[in-house]
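Reading through the structure tokens given below for one structure.
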Amino acid sequence: MNEIARYALRVFVALVLALTIVGVALASAESSYTFNVSGVLRALPGNGRAQNEIIVKHERISDYRDSAGQIVGMMAMTMPFYLAPTTSIEGLKVGDKVQLVVEQTFEPKESEFVVAIKKVD
């Protein structure tokens, strides 16, 4: 094998290894995350809202991720949250301080659902 062929083979092997590493990194990237939200329950479902929609005045969310999965945070605000089908709000009322666990998914499309909610003191 001549010098040029050996060089080409080394470049090819290096390229295959690099692409394999990139592929493994992309495949292992998470497609869902959970984050906690602390706030005050401002509205329950109904009264013009969807049957799974609540309104929460929440504190800053430091571990909120954008659609690329990068942590960008979210400032404190009042906004809607949507309950997962199995999440119960039984016993909660407007004005309660609450802690939410929100699951954020990116595949097949971006969505966020409250998977747990509890009243806190």
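We label chains A, B, ... in the order they appear in the structure tokens, count residues from 1 in each chain, and number ligands from 1 in the order shown.
The protein and nucleic acid residues lying at most 12 Å from Gly95 (chain A) are A:Gly39, A:Val40, A:Leu41, A:Arg42, A:Ala43, A:Leu44, A:Ile55, A:Val56, A:Lys57, A:Leu92, A:Lys93, A:Lys97, A:Val98, A:Lys119, A:Val120, A:Asp121, with only C-alpha atoms considered and sequence neighbours fewer than 2 positions away removed.
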Grab the residues selected above and save them as a short mmCIF file (atom, residue, chain, number, x, y, z; two decimals), in the first residue's frame with N, CA and C atoms.
data_model
loop_
_atom_site.label_atom_id
_atom_site.label_comp_id
_atom_site.auth_asym_id
_atom_site.auth_seq_id
_atom_site.Cartn_x
_atom_site.Cartn_y
_atom_site.Cartn_z
N GLY A 39 -45.78 27.76 43.10
CA GLY A 39 -46.60 28.93 42.82
C GLY A 39 -47.92 28.91 43.56
N VAL A 40 -48.83 29.76 43.10
CA VAL A 40 -50.15 29.89 43.69
C VAL A 40 -51.19 29.59 42.61
N LEU A 41 -52.11 28.71 42.93
CA LEU A 41 -53.17 28.33 42.01
C LEU A 41 -54.13 29.51 41.84
N ARG A 42 -54.25 30.01 40.60
CA ARG A 42 -55.09 31.18 40.32
C ARG A 42 -56.42 30.83 39.68
N ALA A 43 -56.50 29.68 38.98
CA ALA A 43 -57.77 29.29 38.35
C ALA A 43 -57.77 27.78 38.13
N LEU A 44 -58.96 27.21 38.24
CA LEU A 44 -59.19 25.79 38.00
C LEU A 44 -59.81 25.60 36.62
N ILE A 55 -54.46 27.67 35.95
CA ILE A 55 -53.63 28.87 35.87
C ILE A 55 -52.85 28.96 37.17
N VAL A 56 -51.53 29.14 37.05
CA VAL A 56 -50.66 29.21 38.21
C VAL A 56 -49.78 30.46 38.10
N LYS A 57 -49.72 31.22 39.19
CA LYS A 57 -48.75 32.31 39.30
C LYS A 57 -47.50 31.67 39.90
N LEU A 92 -57.93 20.73 45.82
CA LEU A 92 -57.24 22.02 45.63
C LEU A 92 -58.25 23.11 45.34
N LYS A 93 -57.91 24.32 45.74
CA LYS A 93 -58.79 25.46 45.46
C LYS A 93 -57.95 26.67 45.08
N LYS A 97 -51.22 27.45 47.75
CA LYS A 97 -49.83 27.37 47.32
C LYS A 97 -49.61 25.94 46.86
N VAL A 98 -49.01 25.77 45.69
CA VAL A 98 -48.86 24.44 45.11
C VAL A 98 -47.44 24.20 44.62
N LYS A 119 -50.63 20.50 47.29
CA LYS A 119 -50.73 21.72 48.08
C LYS A 119 -49.55 21.74 49.06
N VAL A 120 -48.95 22.92 49.22
CA VAL A 120 -47.85 23.09 50.17
C VAL A 120 -48.19 24.23 51.12
N ASP A 121 -47.54 24.22 52.29
CA ASP A 121 -47.78 25.27 53.27
C ASP A 121 -46.87 26.44 53.07
#
Residues near Ser67 (chain A), anyone? I mean within 12 Å using only C-alpha atoms, not counting same-chain ones fewer than 4 positions away, as a PDB file with N, CA and C atoms, in the first residue's frame.
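Output saved as result_1.pdb:
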ATOM      1  N   GLU A  30     -31.628  13.339  25.712  1.00  0.00           N
ATOM      2  CA  GLU A  30     -32.948  13.059  26.261  1.00  0.00           C
ATOM      3  C   GLU A  30     -34.022  13.765  25.454  1.00  0.00           C
ATOM      4  N   SER A  31     -35.170  13.120  25.320  1.00  0.00           N
ATOM      5  CA  SER A  31     -36.281  13.744  24.617  1.00  0.00           C
ATOM      6  C   SER A  31     -37.361  14.201  25.588  1.00  0.00           C
ATOM      7  N   SER A  32     -37.153  13.972  26.899  1.00  0.00           N
ATOM      8  CA  SER A  32     -38.105  14.487  27.887  1.00  0.00           C
ATOM      9  C   SER A  32     -37.374  14.829  29.178  1.00  0.00           C
ATOM     10  N   TYR A  33     -37.917  15.795  29.883  1.00  0.00           N
ATOM     11  CA  TYR A  33     -37.346  16.273  31.132  1.00  0.00           C
ATOM     12  C   TYR A  33     -38.492  16.561  32.088  1.00  0.00           C
ATOM     13  N   ILE A  71     -30.938  24.401  28.968  1.00  0.00           N
ATOM     14  CA  ILE A  71     -31.517  25.067  30.126  1.00  0.00           C
ATOM     15  C   ILE A  71     -31.452  26.576  29.910  1.00  0.00           C
ATOM     16  N   VAL A  72     -32.628  27.208  29.891  1.00  0.00           N
ATOM     17  CA  VAL A  72     -32.703  28.649  29.672  1.00  0.00           C
ATOM     18  C   VAL A  72     -33.427  29.361  30.814  1.00  0.00           C
ATOM     19  N   GLN A 104     -41.798  17.727  30.382  1.00  0.00           N
ATOM     20  CA  GLN A 104     -41.621  18.445  29.119  1.00  0.00           C
ATOM     21  C   GLN A 104     -41.033  17.443  28.117  1.00  0.00           C
ATOM     22  N   THR A 105     -41.720  17.246  26.996  1.00  0.00           N
ATOM     23  CA  THR A 105     -41.229  16.325  25.974  1.00  0.00           C
ATOM     24  C   THR A 105     -41.007  17.073  24.665  1.00  0.00           C
ATOM     25  N   PHE A 106     -40.113  16.542  23.855  1.00  0.00           N
ATOM     26  CA  PHE A 106     -39.790  17.169  22.575  1.00  0.00           C
ATOM     27  C   PHE A 106     -40.078  16.261  21.388  1.00  0.00           C
ATOM     28  N   GLU A 107     -40.346  14.994  21.625  1.00  0.00           N
ATOM     29  CA  GLU A 107     -40.612  14.043  20.545  1.00  0.00           C
ATOM     30  C   GLU A 107     -41.959  13.388  20.790  1.00  0.00           C
ATOM     31  N   PRO A 108     -42.829  13.228  19.857  1.00  0.00           N
ATOM     32  CA  PRO A 108     -42.700  13.667  18.473  1.00  0.00           C
ATOM     33  C   PRO A 108     -42.894  15.168  18.302  1.00  0.00           C
ATOM     34  N   LYS A 109     -43.490  15.835  19.309  1.00  0.00           N
ATOM     35  CA  LYS A 109     -43.584  17.290  19.262  1.00  0.00           C
ATOM     36  C   LYS A 109     -43.438  17.815  20.684  1.00  0.00           C
ATOM     37  N   GLU A 110     -43.160  19.096  20.806  1.00  0.00           N
ATOM     38  CA  GLU A 110     -42.958  19.676  22.131  1.00  0.00           C
ATOM     39  C   GLU A 110     -44.286  19.776  22.872  1.00  0.00           C
ATOM     40  N   SER A 111     -44.282  19.333  24.135  1.00  0.00           N
ATOM     41  CA  SER A 111     -45.475  19.445  24.979  1.00  0.00           C
ATOM     42  C   SER A 111     -45.042  19.465  26.445  1.00  0.00           C
ATOM     43  N   GLU A 112     -45.916  20.000  27.265  1.00  0.00           N
ATOM     44  CA  GLU A 112     -45.676  20.059  28.711  1.00  0.00           C
ATOM     45  C   GLU A 112     -46.971  19.709  29.426  1.00  0.00           C
TER      46      GLU A 112
END
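One distance worth recording is that between CA of Arg49 (chain A) and CA of Asp63 (chain A), which is 27.0 Å.
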Practice task
Could you jot down the CA of Ile89 (chain A) to CA of Gly73 (chain A) separation for me, Å, one decimal place?
Solution key: 25.8 Å
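The residue that comes closest to Gly91 (chain A), out of A:Val37, A:Lys118, A:Asn47, A:Glu3 and on the basis of only C-alpha atoms, is A:Lys118.
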Exercise: region 50-53 of chain A partners within 6 Å, only C-alpha atoms, chain neighbours under 2 positions left out, as a PDB file with C-alpha atoms, in the first residue's frame:
ATOM      1  CA  PRO A  45     -60.486  24.130  34.823  1.00  0.00           C
ATOM      2  CA  GLY A  46     -63.742  25.420  33.395  1.00  0.00           C
ATOM      3  CA  PHE A  81     -50.487  24.648  32.748  1.00  0.00           C
ATOM      4  CA  TYR A  82     -52.143  21.534  31.357  1.00  0.00           C
ATOM      5  CA  LEU A  83     -52.845  18.489  33.506  1.00  0.00           C
TER       6      LEU A  83
END
Exercise for the section: Return the single residue from A:Ser38, A:Val101, A:Arg6, A:Asp66 that is closest to Ala84 (chain A), with distances computed using only C-alpha atoms. Expected result: A:Val101
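Counting only C-alpha atoms and comparing A:Val94, A:His58, A:Ser88, A:Arg10, the residue that lies closest to Val115 (chain A) is A:Ser88.
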